[in-house]
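File shown here: work-v3.tsv, holding TSV, C-alpha atoms.
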```tsv
chain	number	residue	atom	x	y	z
A	1	MET	CA	-28.01	59.15	-30.31
A	2	SER	CA	-29.91	57.26	-27.62
A	3	ALA	CA	-31.31	59.09	-24.65
A	4	MET	CA	-28.86	59.79	-21.89
A	5	THR	CA	-29.64	58.69	-18.34
A	6	PRO	CA	-28.60	61.13	-15.61
A	7	VAL	CA	-26.55	59.71	-12.82
A	8	SER	CA	-28.92	60.70	-10.04
A	9	ALA	CA	-27.97	57.72	-7.89
A	10	GLN	CA	-24.26	58.37	-8.11
A	11	THR	CA	-22.46	60.31	-5.37
A	12	MET	CA	-19.24	62.25	-5.38
A	13	GLU	CA	-17.49	59.20	-3.93
A	14	ASP	CA	-18.50	57.23	-7.05
A	15	THR	CA	-16.72	59.59	-9.40
A	16	TYR	CA	-13.01	59.65	-10.16
A	17	VAL	CA	-10.93	62.44	-11.64
A	18	VAL	CA	-8.50	61.01	-14.18
A	19	LYS	CA	-4.89	61.58	-13.13
A	20	GLN	CA	-1.60	61.31	-14.90
A	21	ALA	CA	1.17	58.99	-13.77
A	22	GLU	CA	4.69	59.73	-14.82
A	23	GLY	CA	7.37	57.11	-14.90
A	24	LEU	CA	9.15	54.52	-16.93
A	25	PRO	CA	7.09	52.05	-18.92
A	26	THR	CA	7.10	48.47	-17.76
A	27	VAL	CA	7.24	45.20	-19.65
A	28	SER	CA	5.17	42.25	-18.46
A	29	VAL	CA	7.32	39.12	-18.47
A	30	GLY	CA	5.77	35.74	-17.73
A	31	GLY	CA	7.33	33.16	-15.46
A	32	THR	CA	6.62	30.17	-13.24
A	33	VAL	CA	6.29	29.93	-9.47
A	34	VAL	CA	8.95	27.53	-8.19
A	35	PRO	CA	9.95	26.33	-4.70
A	36	TYR	CA	12.87	28.01	-3.01
A	37	LYS	CA	14.59	24.62	-2.72
A	38	GLU	CA	13.76	21.45	-4.64
A	39	VAL	CA	15.60	18.15	-5.04
A	40	THR	CA	14.92	14.92	-6.88
A	41	LEU	CA	15.86	11.86	-4.86
A	42	ALA	CA	17.16	9.11	-7.13
A	43	ALA	CA	18.06	5.50	-6.38
A	44	GLN	CA	21.78	5.03	-5.72
A	45	LEU	CA	21.72	1.23	-6.03
A	46	PRO	CA	19.37	-1.32	-7.57
A	47	GLY	CA	16.85	-3.09	-5.40
A	48	ARG	CA	13.26	-3.41	-4.26
A	49	VAL	CA	11.47	-0.54	-2.52
A	50	LYS	CA	10.43	-1.75	0.93
A	51	TYR	CA	9.40	1.56	2.56
A	52	LEU	CA	7.81	4.79	1.30
A	53	ALA	CA	7.11	7.54	3.83
A	54	GLY	CA	4.03	9.10	2.23
A	55	ILE	CA	2.34	10.63	-0.78
A	56	GLU	CA	2.25	14.03	-2.47
A	57	GLY	CA	1.56	16.80	0.01
A	58	ASP	CA	2.92	15.02	3.09
A	59	ALA	CA	5.38	17.18	5.02
A	60	PHE	CA	8.54	15.92	6.71
A	61	GLU	CA	11.29	17.40	8.81
A	62	GLU	CA	14.98	17.32	8.01
A	63	ASP	CA	16.71	13.90	8.39
A	64	GLU	CA	13.43	11.93	8.34
A	65	LEU	CA	13.43	8.69	6.33
A	66	LEU	CA	11.57	9.01	3.02
A	67	VAL	CA	12.46	5.88	1.01
A	68	SER	CA	14.20	2.63	1.92
A	69	ILE	CA	15.45	-0.02	-0.50
A	70	ASP	CA	15.85	-3.66	0.56
A	71	ALA	CA	19.55	-4.25	1.35
A	72	SER	CA	19.51	-7.77	2.80
A	73	GLU	CA	22.39	-8.89	0.60
A	74	LEU	CA	24.54	-5.94	1.65
A	75	GLU	CA	23.79	-6.58	5.31
A	76	ALA	CA	24.90	-10.21	4.91
A	77	LYS	CA	28.15	-9.04	3.34
A	78	ARG	CA	28.66	-6.69	6.26
A	79	HIS	CA	28.34	-9.53	8.77
A	80	ALA	CA	30.93	-11.51	6.78
A	81	LEU	CA	33.29	-8.51	6.82
A	82	LEU	CA	32.90	-8.16	10.57
A	83	ALA	CA	33.95	-11.82	10.96
A	84	GLN	CA	37.00	-11.22	8.77
A	85	LEU	CA	37.86	-8.15	10.84
A	86	ALA	CA	37.77	-10.27	14.01
A	87	THR	CA	40.12	-12.79	12.37
A	88	ALA	CA	42.49	-10.03	11.27
A	89	ASP	CA	42.53	-8.64	14.80
A	90	ALA	CA	43.46	-12.08	16.15
A	91	GLN	CA	46.28	-12.31	13.59
A	92	ILE	CA	47.63	-8.94	14.73
A	93	ARG	CA	47.67	-10.04	18.35
A	94	ASN	CA	49.32	-13.37	17.49
A	95	ALA	CA	52.00	-11.70	15.37
A	96	SER	CA	52.71	-9.22	18.17
A	97	VAL	CA	53.11	-12.06	20.70
A	98	GLN	CA	55.50	-13.92	18.38
A	99	TYR	CA	57.58	-10.80	17.88
A	100	GLY	CA	57.79	-10.22	21.64
A	101	ARG	CA	58.87	-13.81	22.23
A	102	GLU	CA	61.56	-13.47	19.55
A	103	MET	CA	62.85	-10.39	21.32
A	104	ARG	CA	63.04	-12.08	24.73
A	105	ALA	CA	63.93	-15.68	23.74
A	106	PRO	CA	65.42	-15.75	20.24
A	107	ARG	CA	65.17	-19.05	18.45
A	108	ALA	CA	68.59	-18.50	16.91
A	109	ARG	CA	70.23	-19.04	20.29
A	110	ASN	CA	68.38	-22.26	21.11
A	111	ALA	CA	70.06	-25.63	20.44
A	112	PRO	CA	68.34	-27.67	17.73
A	113	GLY	CA	69.30	-30.92	19.49
A	114	GLY	CA	67.43	-33.07	21.93
A	115	MET	CA	67.35	-33.15	25.70
A	116	GLY	CA	69.92	-34.04	28.33
A	117	VAL	CA	73.70	-34.21	27.91
A	118	PRO	CA	73.78	-34.12	24.07
A	119	ASN	CA	71.84	-30.87	24.04
A	120	LEU	CA	74.10	-29.32	26.68
A	121	PHE	CA	77.17	-30.52	24.77
A	122	ASP	CA	75.81	-28.86	21.61
A	123	GLN	CA	75.22	-25.56	23.41
A	124	PHE	CA	78.69	-25.42	25.00
A	125	PHE	CA	80.90	-26.84	22.27
A	126	THR	CA	79.26	-27.33	18.87
A	127	ARG	CA	77.48	-23.97	18.34
A	128	PRO	CA	80.43	-21.78	19.51
A	129	LEU	CA	82.68	-23.75	17.16
A	130	GLU	CA	80.23	-23.16	14.27
A	131	ASP	CA	80.32	-19.43	14.98
A	132	PHE	CA	84.12	-19.49	15.13
A	133	VAL	CA	84.61	-21.21	11.77
A	134	GLY	CA	81.88	-19.08	10.17
A	135	GLU	CA	79.38	-21.79	9.41
A	136	ARG	CA	76.63	-20.06	11.48
A	137	ASP	CA	75.89	-16.43	12.45
A	138	GLN	CA	73.43	-16.20	15.35
A	139	ASP	CA	73.10	-12.43	15.06
A	140	ALA	CA	72.07	-12.70	11.40
A	141	GLU	CA	69.57	-15.41	12.24
A	142	LEU	CA	68.13	-13.27	15.06
A	143	SER	CA	67.82	-10.29	12.75
A	144	ALA	CA	66.05	-12.42	10.11
A	145	ASP	CA	63.65	-13.90	12.66
A	146	LEU	CA	62.80	-10.44	14.00
A	147	PHE	CA	62.24	-9.14	10.48
A	148	ALA	CA	59.95	-12.07	9.67
A	149	SER	CA	57.90	-11.47	12.83
A	150	GLY	CA	57.66	-7.75	12.07
A	151	THR	CA	56.53	-8.56	8.53
A	152	GLN	CA	53.76	-10.76	9.91
A	153	ILE	CA	52.59	-7.88	12.11
A	154	GLN	CA	52.61	-5.46	9.14
A	155	GLU	CA	50.73	-7.91	6.94
A	156	ALA	CA	48.11	-8.39	9.63
A	157	HIS	CA	47.71	-4.59	9.98
A	158	ASN	CA	47.42	-4.23	6.19
A	159	THR	CA	44.72	-6.89	6.15
A	160	MET	CA	42.87	-5.01	8.89
A	161	MET	CA	43.10	-1.70	6.99
A	162	ARG	CA	41.83	-3.33	3.78
A	163	LEU	CA	38.87	-4.88	5.57
A	164	GLN	CA	38.07	-1.59	7.30
A	165	ALA	CA	38.07	0.19	3.93
A	166	GLU	CA	35.74	-2.45	2.50
A	167	LEU	CA	33.47	-2.02	5.53
A	168	ARG	CA	33.32	1.77	5.03
A	169	ALA	CA	32.46	1.29	1.34
A	170	LEU	CA	29.75	-1.19	2.27
A	171	ASP	CA	28.34	1.16	4.92
A	172	ALA	CA	28.20	3.91	2.29
A	173	LYS	CA	26.13	1.61	0.07
A	174	LEU	CA	23.87	0.81	2.99
A	175	ARG	CA	23.36	4.55	3.57
A	176	ASP	CA	22.53	4.94	-0.12
A	177	ALA	CA	19.74	2.42	0.38
A	178	ARG	CA	17.99	5.00	2.60
A	179	SER	CA	16.84	8.36	1.20
A	180	ILE	CA	16.72	11.00	3.94
A	181	ALA	CA	14.95	14.38	3.82
A	182	PRO	CA	17.72	16.95	3.19
A	183	PHE	CA	15.66	19.81	4.66
A	184	ASP	CA	12.17	20.59	5.98
A	185	GLY	CA	9.69	20.25	3.13
A	186	MET	CA	7.08	18.06	1.48
A	187	ILE	CA	6.78	15.47	-1.24
A	188	VAL	CA	5.62	17.19	-4.42
A	189	SER	CA	5.88	14.18	-6.75
A	190	LYS	CA	6.50	10.47	-6.29
A	191	PHE	CA	7.44	8.07	-9.06
A	192	ILE	CA	7.53	4.74	-7.20
A	193	GLU	CA	5.44	2.52	-4.96
A	194	VAL	CA	6.34	-0.02	-2.29
A	195	GLY	CA	7.41	-3.23	-4.02
A	196	ASP	CA	8.74	-1.56	-7.18
A	197	THR	CA	12.18	-2.57	-8.39
A	198	VAL	CA	14.41	0.42	-9.08
A	199	GLN	CA	17.73	0.80	-10.88
A	200	SER	CA	20.63	3.09	-10.08
A	201	GLY	CA	19.85	6.67	-11.09
A	202	GLN	CA	16.08	6.15	-11.33
A	203	PRO	CA	14.10	9.12	-9.87
A	204	MET	CA	11.98	8.18	-6.86
A	205	LEU	CA	10.70	11.39	-5.24
A	206	ALA	CA	10.63	15.14	-5.82
A	207	PHE	CA	11.04	16.90	-2.47
A	208	ALA	CA	10.71	20.68	-2.07
A	209	ASP	CA	10.53	23.49	0.45
A	210	VAL	CA	7.20	25.11	-0.46
A	211	GLU	CA	7.05	27.49	2.49
A	212	TYR	CA	9.11	30.02	0.54
A	213	LEU	CA	8.38	30.44	-3.16
A	214	GLN	CA	10.01	32.30	-6.03
A	215	VAL	CA	9.05	33.38	-9.52
A	216	GLU	CA	11.55	32.22	-12.13
A	217	VAL	CA	11.50	34.47	-15.19
A	218	ASP	CA	13.53	34.65	-18.40
A	219	VAL	CA	13.92	38.41	-18.85
A	220	PRO	CA	14.98	39.87	-22.22
A	221	ALA	CA	18.62	40.92	-22.10
A	222	ARG	CA	17.77	44.54	-22.93
A	223	LEU	CA	15.92	44.81	-19.58
A	224	ARG	CA	18.90	43.54	-17.57
A	225	PRO	CA	20.28	47.05	-16.68
A	226	GLY	CA	17.15	47.80	-14.66
A	227	LEU	CA	17.47	44.76	-12.39
A	228	ARG	CA	19.43	44.84	-9.15
A	229	GLU	CA	19.33	42.24	-6.40
A	230	GLY	CA	17.15	43.42	-3.52
A	231	ALA	CA	15.02	45.79	-5.65
A	232	MET	CA	11.23	45.61	-5.29
A	233	LEU	CA	8.93	45.12	-8.29
A	234	ARG	CA	5.35	44.02	-8.81
A	235	ALA	CA	3.93	40.74	-10.04
A	236	GLU	CA	0.51	39.58	-11.16
A	237	LEU	CA	-0.69	36.13	-10.17
A	238	ASP	CA	-3.41	33.95	-11.62
A	239	VAL	CA	-5.21	33.91	-8.27
A	240	PRO	CA	-5.84	36.72	-5.80
A	241	ALA	CA	-3.50	37.03	-2.86
A	242	ARG	CA	-5.20	35.09	-0.09
A	243	ALA	CA	-2.75	35.45	2.76
A	244	ARG	CA	-1.91	39.14	2.61
A	245	ARG	CA	-3.56	40.91	5.52
A	246	ASP	CA	-2.37	44.35	4.41
A	247	ALA	CA	-4.02	44.22	0.99
A	248	ASP	CA	-7.61	44.26	-0.12
A	249	PRO	CA	-8.15	41.63	-2.85
A	250	ALA	CA	-11.02	43.64	-4.29
A	251	ASP	CA	-8.75	46.64	-4.67
A	252	ASP	CA	-5.64	44.86	-5.87
A	253	PRO	CA	-6.58	41.42	-7.13
A	254	GLY	CA	-3.73	39.08	-7.93
A	255	GLU	CA	-1.00	41.72	-7.59
A	256	VAL	CA	1.82	41.25	-5.08
A	257	PRO	CA	5.20	42.84	-4.42
A	258	VAL	CA	8.24	40.75	-5.31
A	259	ARG	CA	11.91	41.18	-4.49
A	260	ILE	CA	14.77	40.40	-6.87
A	261	ALA	CA	16.59	37.49	-5.23
A	262	GLN	CA	19.05	36.41	-7.91
A	263	VAL	CA	20.14	37.58	-11.34
A	264	TYR	CA	22.05	34.94	-13.27
A	265	PRO	CA	25.45	36.17	-14.47
A	266	MET	CA	25.19	34.78	-18.02
A	267	ALA	CA	22.51	35.21	-20.66
A	268	ASP	CA	21.10	32.39	-22.75
A	269	PRO	CA	23.12	32.52	-26.02
A	270	GLU	CA	20.19	31.21	-28.07
A	271	ARG	CA	17.21	33.07	-26.59
A	272	HIS	CA	19.18	36.15	-25.44
A	273	THR	CA	17.42	36.18	-22.08
A	274	VAL	CA	18.66	36.37	-18.51
A	275	LYS	CA	17.20	34.13	-15.83
A	276	VAL	CA	16.01	36.08	-12.79
A	277	LYS	CA	14.44	34.80	-9.56
A	278	PHE	CA	12.02	36.91	-7.51
A	279	ASP	CA	11.03	36.22	-3.90
A	280	LEU	CA	7.28	35.99	-3.31
A	281	PRO	CA	5.45	36.81	-0.07
A	282	LYS	CA	4.47	33.75	1.93
A	283	GLY	CA	1.16	32.09	1.12
A	284	VAL	CA	0.20	33.97	-2.03
A	285	SER	CA	0.66	31.24	-4.62
A	286	GLU	CA	1.48	27.57	-5.23
A	287	PRO	CA	4.40	25.93	-7.07
A	288	GLY	CA	3.88	25.55	-10.79
A	289	MET	CA	1.45	28.47	-11.18
A	290	TYR	CA	1.87	31.21	-13.76
A	291	ALA	CA	2.92	34.73	-12.79
A	292	LYS	CA	3.80	37.95	-14.63
A	293	VAL	CA	6.44	40.33	-13.35
A	294	LEU	CA	6.35	44.01	-14.39
A	295	VAL	CA	9.95	44.87	-15.26
A	296	PRO	CA	10.87	48.52	-15.88
A	297	ASP	CA	12.25	49.32	-19.32
A	298	PHE	CA	15.08	51.82	-18.84
A	299	ASN	CA	15.80	51.90	-22.56
A	300	ALA	CA	12.37	53.29	-23.48
A	301	PRO	CA	11.50	56.97	-23.07
A	302	ALA	CA	9.36	57.95	-20.13
A	303	ARG	CA	5.67	58.13	-20.87
A	304	VAL	CA	2.88	60.17	-19.36
A	305	ASN	CA	-0.41	58.29	-19.38
A	306	PRO	CA	-3.70	58.77	-17.55
A	307	VAL	CA	-4.50	56.28	-14.80
A	308	VAL	CA	-7.97	55.00	-13.94
A	309	PRO	CA	-9.19	52.46	-11.36
A	310	ARG	CA	-9.50	48.92	-12.60
A	311	THR	CA	-13.11	48.88	-11.39
A	312	ALA	CA	-14.02	51.76	-13.72
A	313	ILE	CA	-13.43	49.74	-16.88
A	314	ARG	CA	-16.37	47.94	-18.49
A	315	TYR	CA	-16.19	45.72	-21.55
A	316	ASN	CA	-18.49	45.76	-24.56
A	317	GLY	CA	-17.56	42.35	-25.86
A	318	SER	CA	-13.79	42.60	-26.02
A	319	LEU	CA	-13.67	46.41	-26.19
A	320	PRO	CA	-12.80	48.21	-22.92
A	321	GLY	CA	-14.52	51.48	-22.07
A	322	VAL	CA	-15.27	53.87	-19.23
A	323	TYR	CA	-18.24	56.11	-18.40
A	324	VAL	CA	-17.18	59.76	-18.75
A	325	LEU	CA	-19.32	62.40	-17.03
A	326	ASP	CA	-20.14	65.59	-18.85
A	327	GLU	CA	-20.74	68.98	-17.24
A	328	ASP	CA	-24.29	68.01	-16.32
A	329	GLY	CA	-23.18	64.73	-14.72
A	330	ASN	CA	-24.53	62.54	-17.52
A	331	PRO	CA	-22.47	59.37	-18.29
A	332	HIS	CA	-21.13	58.74	-21.77
A	333	LEU	CA	-19.54	55.46	-22.68
A	334	ARG	CA	-16.11	55.99	-24.23
A	335	LEU	CA	-13.84	53.30	-25.63
A	336	ILE	CA	-10.27	53.34	-24.39
A	337	ARG	CA	-7.05	51.48	-24.96
A	338	VAL	CA	-5.65	50.06	-21.74
A	339	GLY	CA	-1.97	49.66	-20.88
A	340	GLU	CA	-0.12	48.19	-17.93
A	341	PRO	CA	-1.54	47.90	-14.41
A	342	THR	CA	-0.27	50.17	-11.65
A	343	PRO	CA	-0.06	49.69	-7.87
A	344	ARG	CA	-3.23	49.76	-5.80
A	345	GLY	CA	-5.54	48.58	-8.55
A	346	GLY	CA	-4.91	51.21	-11.21
A	347	VAL	CA	-4.55	50.79	-14.98
A	348	THR	CA	-2.82	53.13	-17.43
A	349	VAL	CA	-4.80	54.35	-20.42
A	350	LEU	CA	-2.89	54.63	-23.68
A	351	SER	CA	-5.62	56.49	-25.58
A	352	GLY	CA	-9.22	57.63	-25.19
A	353	LEU	CA	-8.94	59.74	-22.01
A	354	ARG	CA	-7.33	62.95	-20.85
A	355	ALA	CA	-6.18	63.91	-17.39
A	356	GLY	CA	-8.79	65.93	-15.50
A	357	GLU	CA	-11.86	64.23	-16.97
A	358	ARG	CA	-14.39	62.74	-14.57
A	359	ILE	CA	-15.44	59.10	-14.84
A	360	LEU	CA	-17.53	56.67	-12.85
A	361	ALA	CA	-15.21	54.79	-10.50
A	362	ASN	CA	-17.44	51.71	-10.27
A	363	PRO	CA	-20.47	51.92	-12.58
A	364	GLY	CA	-23.31	49.63	-11.62
A	365	PRO	CA	-25.08	47.24	-13.97
A	366	GLY	CA	-28.05	49.60	-14.38
A	367	ILE	CA	-26.03	52.45	-15.89
A	368	ALA	CA	-27.13	53.26	-19.44
A	369	ALA	CA	-25.60	55.92	-21.62
A	370	GLY	CA	-25.05	56.99	-25.15
A	371	TRP	CA	-21.72	57.33	-26.84
A	372	SER	CA	-19.65	60.34	-25.99
A	373	GLN	CA	-19.45	63.03	-28.60
A	374	ARG	CA	-15.83	62.32	-29.49
A	375	ASP	CA	-16.45	58.57	-29.95
A	376	ARG	CA	-19.84	58.78	-31.69
A	377	PRO	CA	-19.87	56.89	-35.00
A	378	GLY	CA	-19.35	59.22	-37.89
A	379	HIS	CA	-17.13	61.62	-35.89
```
Rendering of file as structure tokens:
Amino acid sequence: MSAMTPVSAQTMEDTYVVKQAEGLPTVSVGGTVVPYKEVTLAAQLPGRVKYLAGIEGDAFEEDELLVSIDASELEAKRHALLAQLATADAQIRNASVQYGREMRAPRARNAPGGMGVPNLFDQFFTRPLEDFVGERDQDAELSADLFASGTQIQEAHNTMMRLQAELRALDAKLRDARSIAPFDGMIVSKFIEVGDTVQSGQPMLAFADVEYLQVEVDVPARLRPGLREGAMLRAELDVPARARRDADPADDPGEVPVRIAQVYPMADPERHTVKVKFDLPKGVSEPGMYAKVLVPDFNAPARVNPVVPRTAIRYNGSLPGVYVLDEDGNPHLRLIRVGEPTPRGGVTVLSGLRAGERILANPGPGIAAGWSQRDRPGH
């Protein structure tokens, strides 16, 4: 065995007494960081793109214009409809005037003859005689004339209603030519440029609210009993938490608390997983990044494992190990098998250590030691 180097430079603060942590084992489930809200704006009518608000990363407020499609043809049709509406309104007024005249001066009571004495003779003698012998009924003629005038008014109103409906449909198409921001957010992807010709249904922009982020995870169905909306769990990110003021990145790198926001009511029948969304703290990640959520396994028996600081672990190649101090304070390198991380920068040890043993909490690069007696080759 090689000579052992005493830890003369180490202090009591550099040593750590291995403790045991009791609790349920956790399962690390990978997922993706997604925006809280995300929409894809697609073209609702064919045309040429004449306006694009910005590029990826540009932020916009709700109701701001993002994309506009050239709608010159639709605007021309709208002007033509407005002219037809004016004509229909004139027809309604004319029909109303004719109906009022028929009410006050019915044509059925006017003599069809000329002027002067013949016309007066017709009014006093000929028309009463026609009514007497039944050849003419002035009341029936008046009723028919009033009905015809009323029909003209109704037809004019129907024409106006039809044109108004066409105008509303055309205005809806004109609104579809403009894509408006549905909420405060930013452009995360754009698929068009000014001058492009788009077709109905073609995606143009991906717009998202990236201020609030979530981790979307497909959790195995057997872990579903341990998930309740509002419960707090832990997640590991690819990058350290930059925006958390209450956490020390050196002590807890990449680990953040997450809250269960939504548990989908139905499992995937093919993969037998349940989709779960976890709320992330603000500013700790970016959309599309990878994250692991530590989900408790209530079906597994509780385990008792030692816990050591993450900084105490050193790697010989791919083999993790810690420096165990003997009674004289000499370090001995001992290989261990690591488990899941714990809060505040700890790691569970599945084998290789016992509770109560002393280890170096943060061994420096100059530490040299032999193998511990229990892990020496040949033993």
query: Which residues come within 7 Å of Leu163 in chain A, counting all atoms listed in the file, excluding same-chain residues fewer than 3 positions away, as a list in words?
result: Leu81, Leu85, Thr159, Met160, Glu166 and Leu167 of chain A
Emit the selected residues as a PDB file, in the coordinates of the input, including C-alpha atoms.
```
ATOM      1  CA  LEU A  81      33.290  -8.510   6.820  1.00  0.00           C
ATOM      2  CA  LEU A  85      37.860  -8.150  10.840  1.00  0.00           C
ATOM      3  CA  THR A 159      44.720  -6.890   6.150  1.00  0.00           C
ATOM      4  CA  MET A 160      42.870  -5.010   8.890  1.00  0.00           C
ATOM      5  CA  GLU A 166      35.740  -2.450   2.500  1.00  0.00           C
ATOM      6  CA  LEU A 167      33.470  -2.020   5.530  1.00  0.00           C
TER       7      LEU A 167
END
```
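Put simply, CA of Glu286 in chain A is 24.5 Å away from CA of Leu227 in chain A.
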Can you tell me which residues surround Val338 in chain A at a distance of at most 8 Å, considering all atoms listed in the file, apart from same-chain residues fewer than 6 positions away, and format the answer as a compact mmCIF listing (two decimals) with C-alpha atoms, in the frame of the given file?
```txt
# COMPACT_ATOMS: atom_id res chain seq x y z
CA PRO A 320 -12.80 48.21 -22.92
CA VAL A 347 -4.55 50.79 -14.98
CA THR A 348 -2.82 53.13 -17.43
CA VAL A 349 -4.80 54.35 -20.42
CA LEU A 350 -2.89 54.63 -23.68
CA SER A 351 -5.62 56.49 -25.58
```
For Tyr212 in chain A: contacts at 9 Å, all atoms listed in the file, fewer than 5 positions along chain excluded, given as an MDAnalysis selection string: chainID A and resid 35:37 279:283
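Nearest to Arg175 in chain A of all the residues A:Val18, A:Leu74, A:Ala59, A:Ala355 is A:Leu74, counting only C-alpha atoms.
For the pair CA of Val258 in chain A and CA of Glu62 in chain A, the interatomic distance is 27.8 Å.
In this model, the gap between CA of Val67 in chain A and CA of Ser285 in chain A comes to 28.5 Å.
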query: Taking all atoms listed in the file into account, which of A:Ala148, A:Arg224, A:Leu237, A:Arg358 comes nearest Asp328 in chain A?
result: A:Arg358
